[in-house]
>>> print(open('model_4.cif').read())   # mmCIF, C-alpha atoms
data_work
#
loop_
_atom_site.label_atom_id
_atom_site.label_comp_id
_atom_site.auth_asym_id
_atom_site.auth_seq_id
_atom_site.Cartn_x
_atom_site.Cartn_y
_atom_site.Cartn_z
CA MET A 1 9.73 56.47 -13.48
CA SER A 2 13.42 55.95 -12.80
CA LYS A 3 15.03 52.59 -13.46
CA LYS A 4 15.83 52.33 -9.76
CA ASN A 5 12.15 52.60 -8.77
CA ARG A 6 10.68 50.65 -11.68
CA GLN A 7 9.13 47.34 -10.74
CA MET A 8 10.78 44.44 -12.51
CA SER A 9 8.68 42.54 -15.02
CA LEU A 10 7.89 38.93 -14.20
CA GLU A 11 10.49 37.82 -16.75
CA GLU A 12 13.15 40.02 -15.17
CA LEU A 13 12.18 38.81 -11.71
CA LEU A 14 12.43 35.18 -12.88
CA ARG A 15 15.93 35.85 -14.17
CA GLU A 16 17.03 37.67 -11.01
CA ALA A 17 15.45 35.06 -8.72
CA HIS A 18 17.46 32.38 -10.52
CA ARG A 19 20.57 34.05 -9.09
CA GLU A 20 19.20 35.63 -5.90
CA ILE A 21 17.42 33.23 -3.56
CA GLY A 22 16.00 36.05 -1.45
CA LEU A 23 13.85 37.17 -4.41
CA ARG A 24 12.13 33.83 -4.92
CA PRO A 25 9.20 34.32 -2.51
CA GLU A 26 8.42 37.59 -4.32
CA PHE A 27 8.61 35.77 -7.66
CA TYR A 28 6.19 33.05 -6.49
CA ARG A 29 3.74 35.69 -5.22
CA ARG A 30 3.87 37.66 -8.48
CA LEU A 31 3.71 34.50 -10.58
CA LEU A 32 0.31 33.36 -9.30
CA LEU A 33 -1.22 36.73 -10.21
CA ALA A 34 0.50 37.12 -13.59
CA GLU A 35 -0.99 36.67 -17.04
CA VAL A 36 1.14 34.39 -19.19
CA LEU A 37 1.10 32.95 -22.71
CA VAL A 38 -0.02 29.30 -22.91
CA PRO A 39 0.42 27.41 -26.24
CA VAL A 40 -2.76 25.69 -27.42
CA GLU A 41 -3.97 23.52 -30.27
CA THR A 42 -6.73 25.36 -32.13
CA SER A 43 -8.25 25.63 -35.59
CA LEU A 44 -9.10 29.30 -35.20
CA PRO A 45 -7.80 31.27 -38.21
CA GLY A 46 -5.25 34.06 -38.15
CA PRO A 47 -2.59 35.09 -35.65
CA THR A 48 -5.20 36.69 -33.38
CA ALA A 49 -8.81 35.76 -32.83
CA THR A 50 -11.63 36.09 -30.35
CA ILE A 51 -12.44 32.74 -28.80
CA PRO A 52 -16.18 32.00 -28.93
CA ALA A 53 -17.97 31.04 -25.71
CA GLY A 54 -17.82 27.32 -25.12
CA TYR A 55 -14.97 26.80 -27.60
CA SER A 56 -12.74 23.90 -26.57
CA LEU A 57 -9.00 24.53 -26.40
CA ALA A 58 -6.34 21.84 -25.99
CA VAL A 59 -3.33 23.05 -24.06
CA LYS A 60 -0.08 21.83 -25.59
CA THR A 61 2.04 19.41 -23.61
CA LEU A 62 5.77 18.77 -23.92
CA VAL A 63 7.11 15.31 -23.13
CA ARG A 64 10.36 14.96 -21.20
CA SER A 65 12.91 12.28 -22.03
CA ASP A 66 11.56 10.21 -19.12
CA GLY A 67 8.03 10.31 -20.58
CA VAL A 68 6.60 12.85 -18.12
CA GLY A 69 4.21 15.38 -19.66
CA VAL A 70 4.89 19.06 -18.95
CA ILE A 71 2.64 22.05 -19.71
CA PRO A 72 4.76 24.99 -20.92
CA PHE A 73 3.89 28.65 -20.43
CA TYR A 74 5.75 31.84 -21.26
CA THR A 75 6.25 35.25 -19.72
CA SER A 76 6.52 37.19 -23.03
CA PRO A 77 6.21 36.86 -26.81
CA ARG A 78 10.02 36.83 -26.98
CA ALA A 79 10.13 33.81 -24.68
CA VAL A 80 7.58 32.07 -26.95
CA TYR A 81 9.79 32.79 -29.98
CA ASP A 82 12.84 31.37 -28.16
CA GLY A 83 10.84 28.20 -27.58
CA ASN A 84 9.53 27.93 -31.15
CA PRO A 85 10.77 30.42 -33.80
CA LEU A 86 8.03 29.16 -36.17
CA GLY A 87 5.42 30.54 -33.80
CA GLU A 88 2.76 29.24 -31.46
CA LYS A 89 -0.92 29.94 -31.04
CA CYS A 90 -1.32 31.02 -27.42
CA VAL A 91 -3.98 32.15 -25.02
CA LEU A 92 -3.53 34.57 -22.14
CA MET A 93 -4.21 32.95 -18.77
CA GLN A 94 -3.61 33.89 -15.18
CA VAL A 95 -1.13 31.42 -13.70
CA ARG A 96 -3.42 30.59 -10.79
CA ASP A 97 -6.18 29.61 -13.24
CA LEU A 98 -3.69 27.57 -15.28
CA PHE A 99 -2.44 25.68 -12.23
CA GLU A 100 -5.98 25.08 -10.95
CA SER A 101 -7.02 23.66 -14.33
CA ARG A 102 -4.50 20.78 -14.11
CA PRO A 103 -3.03 20.51 -10.58
CA ASP A 104 -1.87 16.97 -11.38
CA MET A 105 0.53 18.16 -14.10
CA HIS A 106 4.11 19.36 -14.22
CA PHE A 107 4.45 22.95 -15.47
CA HIS A 108 7.45 24.80 -16.89
CA VAL A 109 7.78 28.56 -17.26
CA ASN A 110 9.99 29.57 -20.22
CA PRO A 111 11.18 25.98 -20.75
CA PHE A 112 13.74 26.84 -23.44
CA SER A 113 15.43 29.56 -21.41
CA GLN A 114 18.39 29.06 -19.09
CA PHE A 115 16.29 30.89 -16.50
CA GLY A 116 13.21 28.67 -16.87
CA ARG A 117 11.76 26.81 -13.92
CA GLU A 118 9.76 23.60 -13.67
CA PHE A 119 7.03 23.18 -11.04
CA LEU A 120 6.22 19.72 -9.69
CA PRO A 121 2.58 18.80 -8.86
CA ARG A 122 3.28 19.00 -5.10
CA GLU A 123 4.80 22.46 -5.56
CA VAL A 124 1.79 23.59 -7.60
CA ALA A 125 -0.56 22.35 -4.86
CA SER A 126 1.44 24.14 -2.17
CA LEU A 127 1.54 27.40 -4.12
CA LEU A 128 -2.21 27.31 -4.65
CA GLN A 129 -2.95 26.55 -1.00
CA THR A 130 -0.41 28.72 0.83
CA GLY A 131 1.60 30.79 -1.66
CA GLN A 132 4.66 28.78 -0.56
CA ILE A 133 6.65 26.47 -2.79
CA ASP A 134 6.85 23.93 0.05
CA ASP A 135 4.52 23.83 3.05
CA SER A 136 6.10 20.80 4.70
CA MET A 137 8.47 22.64 7.05
CA ASN A 138 7.64 23.34 10.68
CA MET A 139 6.82 26.90 11.76
CA GLU A 140 6.76 26.36 15.51
CA VAL A 141 8.33 29.13 17.59
CA VAL A 142 11.18 28.05 19.87
CA ALA A 143 10.28 28.83 23.50
CA ASP A 144 12.42 26.34 25.43
CA GLU A 145 14.09 28.08 28.38
CA THR A 146 16.66 25.27 28.73
CA VAL A 147 18.36 25.93 25.40
CA VAL A 148 21.94 27.22 25.27
CA LEU A 149 22.56 29.94 22.68
CA SER A 150 25.90 30.96 21.21
CA PRO A 151 27.30 32.57 18.03
CA PRO A 152 27.41 30.03 15.17
CA VAL A 153 30.87 28.59 14.55
CA ASN A 154 30.17 28.38 10.80
CA PRO A 155 27.34 30.82 10.06
CA PRO A 156 25.37 30.04 6.87
CA VAL A 157 26.52 33.08 4.89
CA GLU A 158 24.40 32.40 1.78
CA LEU A 159 21.24 31.86 3.81
CA LEU A 160 21.71 34.97 5.95
CA ARG A 161 22.40 37.14 2.92
CA ALA A 162 19.31 35.76 1.13
CA LEU A 163 17.13 36.41 4.19
CA GLY A 164 18.45 39.97 4.31
CA VAL A 165 17.39 40.48 0.69
CA LEU A 166 13.95 39.03 1.47
CA TYR A 167 13.36 41.32 4.45
CA SER A 168 14.67 44.47 2.76
CA ARG A 169 12.52 43.97 -0.37
CA SER A 170 9.37 42.28 0.83
CA HIS A 171 8.99 42.70 4.59
CA PRO A 172 9.63 46.22 5.91
CA GLN A 173 7.99 45.10 9.18
CA VAL A 174 11.26 43.29 10.07
CA ARG A 175 13.39 45.69 12.13
CA ALA A 176 16.26 43.26 12.71
CA ALA A 177 17.18 39.60 12.36
CA PHE A 178 19.65 37.56 14.42
CA VAL A 179 21.15 34.07 14.26
CA ALA A 180 22.46 31.77 16.97
CA GLU A 181 23.54 28.19 17.41
CA CYS A 182 21.01 26.49 19.64
CA THR A 183 21.81 23.41 21.72
CA HIS A 184 19.41 21.41 23.88
CA PRO A 185 21.61 19.82 26.60
CA GLU A 186 18.74 18.17 28.46
CA LYS A 187 17.28 16.55 25.35
CA GLY A 188 20.42 15.13 23.75
CA ILE A 189 19.45 16.25 20.24
CA PRO A 190 21.75 17.80 17.62
CA ALA A 191 22.37 21.54 17.62
CA THR A 192 20.15 23.69 15.45
CA LEU A 193 20.35 27.21 14.08
CA LEU A 194 17.86 29.72 15.41
CA ILE A 195 16.80 32.82 13.47
CA GLY A 196 15.35 35.51 15.76
CA LEU A 197 13.13 38.17 14.18
CA ASP A 198 12.36 41.57 15.68
CA VAL A 199 9.22 42.73 13.87
CA GLU A 200 6.80 45.64 14.14
CA ALA A 201 3.84 43.37 13.54
CA GLU A 202 3.69 39.59 13.49
CA GLU A 203 2.69 38.21 10.11
CA GLU A 204 2.56 34.55 9.24
CA GLN A 205 3.75 35.44 5.73
CA ILE A 206 7.11 36.60 7.12
CA LEU A 207 7.66 33.14 8.59
CA ARG A 208 6.38 31.38 5.47
CA ASN A 209 8.64 33.37 3.16
CA SER A 210 11.60 32.88 5.50
CA LEU A 211 11.02 29.13 5.39
CA ASP A 212 10.87 29.27 1.59
CA VAL A 213 14.32 30.87 1.55
CA VAL A 214 15.63 28.29 4.02
CA ARG A 215 14.38 25.51 1.76
CA GLU A 216 15.80 27.06 -1.41
CA CYS A 217 19.20 27.36 0.29
CA GLU A 218 18.91 23.70 1.29
CA SER A 219 19.94 24.69 4.81
CA ARG A 220 18.51 21.71 6.65
CA ASP A 221 21.73 20.47 8.21
CA PRO A 222 21.69 21.79 10.83
CA ILE A 223 17.96 22.34 11.12
CA VAL A 224 16.92 25.99 11.05
CA ASP A 225 14.23 27.22 13.46
CA LEU A 226 12.52 30.62 13.59
CA ALA A 227 11.43 32.72 16.54
CA ILE A 228 9.60 36.04 16.79
CA ILE A 229 11.37 37.85 19.64
CA SER A 230 9.58 41.22 19.60
CA GLY A 231 8.03 42.17 22.93
CA SER A 232 9.23 38.97 24.57
CA ASP A 233 11.14 38.56 27.84
CA SER A 234 12.12 34.97 27.09
CA LYS A 235 15.65 33.67 27.42
CA VAL A 236 15.90 33.60 23.62
CA ALA A 237 14.83 37.24 23.24
CA ARG A 238 17.14 38.44 26.03
CA TYR A 239 20.10 36.72 24.39
CA PHE A 240 19.50 38.23 20.96
CA PHE A 241 18.82 41.76 22.20
CA SER A 242 21.66 41.91 24.73
CA GLU A 243 24.42 39.63 23.44
CA ALA A 244 24.06 39.13 19.67
CA GLU A 245 24.72 41.36 16.67
CA PRO A 246 22.00 41.35 14.00
CA PHE A 247 22.89 39.96 10.59
CA TYR A 248 20.17 42.23 9.15
CA GLU A 249 18.94 45.65 10.23
CA ARG A 250 16.29 47.70 8.50
CA VAL A 251 17.65 50.88 6.95
CA THR A 252 15.52 53.89 7.84
CA ALA A 253 15.40 56.85 5.50
CA ARG A 254 16.94 60.09 6.73
CA HIS A 255 15.01 63.31 6.23
#
>>> encode(input="model_4.cif", output="C-alpha coordinates")
Amino acid sequence: MSKKNRQMSLEELLREAHREIGLRPEFYRRLLLAEVLVPVETSLPGPTATIPAGYSLAVKTLVRSDGVGVIPFYTSPRAVYDGNPLGEKCVLMQVRDLFESRPDMHFHVNPFSQFGREFLPREVASLLQTGQIDDSMNMEVVADETVVLSPPVNPPVELLRALGVLYSRSHPQVRAAFVAECTHPEKGIPATLLIGLDVEAEEEQILRNSLDVVRECESRDPIVDLAIISGSDSKVARYFFSEAEPFYERVTARH
(Lines of atoms letter the chains of each structure in order from A and count residues from 1; the text may use other names and numbers.)
(Lines give C-alpha, C1' and ligand atoms only; values in the text may rest on other atoms or scores of the structure.)
Protein backbone atom coordinates (compact mmCIF):
# COMPACT_ATOMS: atom_id res chain seq x y z
CA MET A 1 0.00 0.00 0.00
CA SER A 2 1.40 3.39 -0.94
CA LYS A 3 1.97 6.02 1.71
CA LYS A 4 -0.56 8.23 -0.05
CA ASN A 5 -3.34 5.63 0.30
CA ARG A 6 -2.36 4.30 3.73
CA GLN A 7 -4.83 5.08 6.48
CA MET A 8 -3.25 7.09 9.27
CA SER A 9 -2.93 5.40 12.63
CA LEU A 10 -4.95 6.87 15.48
CA GLU A 11 -1.77 8.43 16.88
CA GLU A 12 -0.94 10.04 13.53
CA LEU A 13 -4.52 11.26 13.19
CA LEU A 14 -4.40 12.76 16.69
CA ARG A 15 -1.23 14.64 15.74
CA GLU A 16 -2.64 15.86 12.42
CA ALA A 17 -6.00 16.81 13.96
CA HIS A 18 -4.14 18.97 16.48
CA ARG A 19 -3.09 21.13 13.52
CA GLU A 20 -5.96 20.56 11.09
CA ILE A 21 -9.43 21.28 12.49
CA GLY A 22 -11.16 19.63 9.54
CA LEU A 23 -9.75 16.24 10.62
CA ARG A 24 -11.16 16.34 14.13
CA PRO A 25 -14.59 14.78 13.41
CA GLU A 26 -12.77 11.85 11.78
CA PHE A 27 -10.50 11.57 14.82
CA TYR A 28 -13.47 11.49 17.22
CA ARG A 29 -15.17 8.79 15.12
CA ARG A 30 -12.03 6.64 14.97
CA LEU A 31 -11.27 7.23 18.65
CA LEU A 32 -14.48 5.65 19.96
CA LEU A 33 -13.76 2.45 18.02
CA ALA A 34 -10.04 2.26 18.81
CA GLU A 35 -8.28 -0.04 21.24
CA VAL A 36 -5.97 1.88 23.55
CA LEU A 37 -3.59 1.16 26.43
CA VAL A 38 -4.99 2.00 29.88
CA PRO A 39 -2.60 1.95 32.91
CA VAL A 40 -3.90 -0.14 35.81
CA GLU A 41 -2.89 -1.15 39.31
CA THR A 42 -2.50 -4.93 39.44
CA SER A 43 -0.57 -7.61 41.29
CA LEU A 44 -0.42 -9.91 38.29
CA PRO A 45 3.19 -11.06 37.70
CA GLY A 46 5.28 -10.43 34.62
CA PRO A 47 5.08 -7.87 31.82
CA THR A 48 2.23 -9.78 30.16
CA ALA A 49 -0.47 -11.92 31.70
CA THR A 50 -3.93 -13.29 31.05
CA ILE A 51 -6.45 -11.66 33.34
CA PRO A 52 -8.64 -14.26 35.09
CA ALA A 53 -12.42 -13.91 34.87
CA GLY A 54 -13.76 -11.74 37.64
CA TYR A 55 -10.33 -10.25 38.45
CA SER A 56 -10.63 -6.69 39.74
CA LEU A 57 -8.51 -4.02 38.07
CA ALA A 58 -8.02 -0.48 39.36
CA VAL A 59 -7.54 2.04 36.58
CA LYS A 60 -4.82 4.55 37.40
CA THR A 61 -5.80 8.17 37.87
CA LEU A 62 -3.63 11.25 37.50
CA VAL A 63 -4.38 14.31 39.63
CA ARG A 64 -4.16 17.77 38.07
CA SER A 65 -2.76 20.73 39.98
CA ASP A 66 -6.34 21.85 40.71
CA GLY A 67 -7.15 18.48 42.33
CA VAL A 68 -9.24 17.10 39.45
CA GLY A 69 -8.72 13.39 38.75
CA VAL A 70 -7.96 12.40 35.15
CA ILE A 71 -7.86 8.89 33.66
CA PRO A 72 -4.97 8.61 31.17
CA PHE A 73 -4.91 6.34 28.14
CA TYR A 74 -2.40 5.89 25.35
CA THR A 75 -2.46 5.22 21.63
CA SER A 76 0.79 3.17 21.50
CA PRO A 77 3.51 1.60 23.66
CA ARG A 78 5.77 4.50 22.68
CA ALA A 79 3.26 6.98 24.08
CA VAL A 80 3.17 4.94 27.33
CA TYR A 81 6.98 5.12 27.53
CA ASP A 82 6.89 8.90 26.99
CA GLY A 83 4.50 9.13 29.93
CA ASN A 84 6.51 6.83 32.21
CA PRO A 85 9.93 5.53 31.04
CA LEU A 86 9.93 3.08 33.98
CA GLY A 87 6.96 1.31 32.46
CA GLU A 88 3.28 0.81 33.19
CA LYS A 89 1.07 -2.23 33.45
CA CYS A 90 -1.73 -1.64 30.96
CA VAL A 91 -4.82 -3.31 29.63
CA LEU A 92 -6.23 -3.00 26.13
CA MET A 93 -9.67 -1.41 26.08
CA GLN A 94 -11.91 0.02 23.42
CA VAL A 95 -12.32 3.74 24.08
CA ARG A 96 -16.11 3.52 24.04
CA ASP A 97 -15.98 0.89 26.80
CA LEU A 98 -13.49 3.01 28.76
CA PHE A 99 -15.68 6.12 28.54
CA GLU A 100 -18.82 4.17 29.44
CA SER A 101 -17.11 2.72 32.52
CA ARG A 102 -16.61 6.17 34.10
CA PRO A 103 -18.62 8.84 32.23
CA ASP A 104 -18.25 11.16 35.23
CA MET A 105 -14.46 11.37 34.84
CA HIS A 106 -12.05 13.51 32.88
CA PHE A 107 -9.95 11.53 30.39
CA HIS A 108 -6.68 12.39 28.66
CA VAL A 109 -5.25 10.66 25.61
CA ASN A 110 -1.42 10.71 25.54
CA PRO A 111 -1.25 13.18 28.45
CA PHE A 112 2.53 13.68 28.28
CA SER A 113 2.57 14.47 24.56
CA GLN A 114 2.28 17.93 23.04
CA PHE A 115 -0.47 16.43 20.89
CA GLY A 116 -2.48 14.97 23.79
CA ARG A 117 -6.08 15.92 24.35
CA GLU A 118 -8.23 16.04 27.48
CA PHE A 119 -11.93 15.17 27.37
CA LEU A 120 -14.33 16.77 29.84
CA PRO A 121 -17.27 14.73 31.25
CA ARG A 122 -19.78 16.65 29.11
CA GLU A 123 -17.68 15.96 26.00
CA VAL A 124 -17.48 12.26 26.88
CA ALA A 125 -21.27 12.12 27.29
CA SER A 126 -21.81 13.87 23.96
CA LEU A 127 -19.39 11.58 22.13
CA LEU A 128 -21.10 8.50 23.53
CA GLN A 129 -24.58 9.74 22.64
CA THR A 130 -24.04 11.37 19.25
CA GLY A 131 -20.43 10.94 18.12
CA GLN A 132 -20.09 14.73 18.41
CA ILE A 133 -17.80 16.53 20.82
CA ASP A 134 -20.58 19.05 21.54
CA ASP A 135 -24.27 18.48 20.86
CA SER A 136 -25.45 21.84 22.16
CA MET A 137 -25.50 23.71 18.84
CA ASN A 138 -28.64 24.15 16.77
CA MET A 139 -29.05 22.20 13.53
CA GLU A 140 -32.17 23.91 12.22
CA VAL A 141 -32.22 24.59 8.48
CA VAL A 142 -32.69 28.24 7.49
CA ALA A 143 -35.85 28.59 5.37
CA ASP A 144 -36.81 32.24 5.93
CA GLU A 145 -37.74 33.85 2.60
CA THR A 146 -37.29 37.36 4.06
CA VAL A 147 -33.54 37.04 4.59
CA VAL A 148 -31.11 39.14 2.56
CA LEU A 149 -28.03 37.27 1.34
CA SER A 150 -24.73 38.77 0.24
CA PRO A 151 -21.04 37.82 0.00
CA PRO A 152 -19.36 38.02 3.45
CA VAL A 153 -17.30 41.17 3.96
CA ASN A 154 -14.80 39.24 6.10
CA PRO A 155 -15.19 35.55 5.22
CA PRO A 156 -13.97 33.14 7.94
CA VAL A 157 -11.00 31.76 6.02
CA GLU A 158 -9.92 29.22 8.66
CA LEU A 159 -13.43 27.83 9.05
CA LEU A 160 -14.05 27.53 5.31
CA ARG A 161 -10.72 25.79 4.75
CA ALA A 162 -11.40 23.36 7.62
CA LEU A 163 -14.87 22.56 6.25
CA GLY A 164 -13.31 21.89 2.85
CA VAL A 165 -10.93 19.39 4.44
CA LEU A 166 -13.85 17.74 6.26
CA TYR A 167 -15.94 17.33 3.11
CA SER A 168 -13.07 16.14 0.91
CA ARG A 169 -11.94 13.47 3.42
CA SER A 170 -15.09 12.33 5.16
CA HIS A 171 -18.15 13.31 3.14
CA PRO A 172 -17.93 12.61 -0.61
CA GLN A 173 -21.72 13.18 -0.76
CA VAL A 174 -21.04 16.96 -0.60
CA ARG A 175 -20.85 18.25 -4.18
CA ALA A 176 -20.32 21.90 -3.25
CA ALA A 177 -20.46 24.27 -0.29
CA PHE A 178 -21.22 28.00 -0.27
CA VAL A 179 -21.14 30.81 2.29
CA ALA A 180 -23.12 34.04 2.55
CA GLU A 181 -23.77 36.80 5.02
CA CYS A 182 -27.38 36.55 6.10
CA THR A 183 -29.35 39.50 7.46
CA HIS A 184 -32.91 39.47 8.78
CA PRO A 185 -34.23 43.03 8.20
CA GLU A 186 -37.72 42.35 9.51
CA LYS A 187 -36.51 40.77 12.75
CA GLY A 188 -33.85 43.28 13.80
CA ILE A 189 -31.34 40.59 14.80
CA PRO A 190 -27.59 40.58 14.09
CA ALA A 191 -26.30 39.23 10.80
CA THR A 192 -25.28 35.59 10.67
CA LEU A 193 -23.19 33.48 8.33
CA LEU A 194 -25.00 30.84 6.31
CA ILE A 195 -23.28 27.73 4.94
CA GLY A 196 -25.21 26.20 2.03
CA LEU A 197 -24.53 22.54 1.19
CA ASP A 198 -25.28 20.88 -2.13
CA VAL A 199 -25.32 17.15 -1.35
CA GLU A 200 -26.15 13.95 -3.22
CA ALA A 201 -27.92 12.53 -0.19
CA GLU A 202 -28.93 14.24 3.02
CA GLU A 203 -27.19 12.80 6.06
CA GLU A 204 -27.50 14.16 9.56
CA GLN A 205 -23.85 13.25 10.14
CA ILE A 206 -22.76 15.84 7.56
CA LEU A 207 -24.48 18.55 9.58
CA ARG A 208 -23.20 17.18 12.89
CA ASN A 209 -19.60 17.05 11.69
CA SER A 210 -19.91 20.52 10.15
CA LEU A 211 -21.10 21.86 13.49
CA ASP A 212 -18.16 20.16 15.22
CA VAL A 213 -15.79 22.04 12.91
CA VAL A 214 -17.65 25.31 13.53
CA ARG A 215 -17.29 24.80 17.27
CA GLU A 216 -13.60 23.89 17.08
CA CYS A 217 -12.95 27.06 15.05
CA GLU A 218 -14.83 29.03 17.71
CA SER A 219 -16.77 30.73 14.93
CA ARG A 220 -19.79 31.81 16.94
CA ASP A 221 -19.52 35.53 16.32
CA PRO A 222 -21.27 35.89 13.99
CA ILE A 223 -23.45 32.84 14.46
CA VAL A 224 -23.05 30.22 11.75
CA ASP A 225 -26.14 28.47 10.35
CA LEU A 226 -26.33 25.54 7.94
CA ALA A 227 -28.73 24.83 5.10
CA ILE A 228 -29.11 21.88 2.73
CA ILE A 229 -29.90 23.49 -0.62
CA SER A 230 -30.01 20.44 -2.91
CA GLY A 231 -33.27 20.08 -4.83
CA SER A 232 -34.70 23.24 -3.28
CA ASP A 233 -36.30 26.21 -5.03
CA SER A 234 -36.08 28.44 -1.96
CA LYS A 235 -34.68 31.95 -2.04
CA VAL A 236 -31.57 30.66 -0.26
CA ALA A 237 -30.94 27.90 -2.81
CA ARG A 238 -31.54 30.22 -5.79
CA TYR A 239 -29.02 32.71 -4.41
CA PHE A 240 -26.28 30.15 -3.88
CA PHE A 241 -26.73 28.38 -7.22
CA SER A 242 -27.09 31.52 -9.35
CA GLU A 243 -25.10 34.26 -7.62
CA ALA A 244 -22.47 32.73 -5.32
CA GLU A 245 -19.17 30.97 -5.95
CA PRO A 246 -18.60 27.81 -3.90
CA PHE A 247 -15.76 27.83 -1.38
CA TYR A 248 -15.58 24.04 -1.81
CA GLU A 249 -16.25 21.83 -4.83
CA ARG A 250 -15.85 18.08 -4.97
CA VAL A 251 -13.06 16.97 -7.27
CA THR A 252 -14.19 14.19 -9.59
CA ALA A 253 -11.66 11.72 -10.92
CA ARG A 254 -10.93 11.82 -14.63
CA HIS A 255 -10.81 8.54 -16.54
>>> resolve_selection(input="model_4.cif", expression="the PyMOL selection byres ((chain A and resi 21) around 10)", output="PyMOL selection string")
chain A and resi 16-20+22-25+158-159+161-163+165-166+212-217
>>> atom_distance(input="model_4.cif", atom1="CA of Leu33 (chain A)", atom2="CA of Gln173 (chain A)")
23.0 Å
>>> resolve_selection(input="model_4.cif", expression="the PyMOL selection byres ((chain A and resi 91) around 6)", output="PyMOL selection string")
chain A and resi 37-38+90+92
>>> resolve_selection(input="model_4.cif", expression="the PyMOL selection byres ((chain A and resi 114) around 12)", output="NGL selection string")
:A and (14-16 or 18-19 or 79 or 82-83 or 108-113 or 115-118)
>>> atom_distance(input="model_4.cif", atom1="CA of Pro152 (chain A)", atom2="CA of Leu197 (chain A)")
16.5 Å
>>> closest_residue(input="model_4.cif", among="A:Asn209, A:Ser168, A:Thr146, A:Asn84", to="Cys182 (chain A)", atoms="all atoms listed in the file")
A:Thr146
>>> closest_residue(input="model_4.cif", among="A:Val80, A:Ile71, A:Ile206, A:Ala58", to="Glu41 (chain A)", atoms="only C-alpha atoms")
A:Ala58
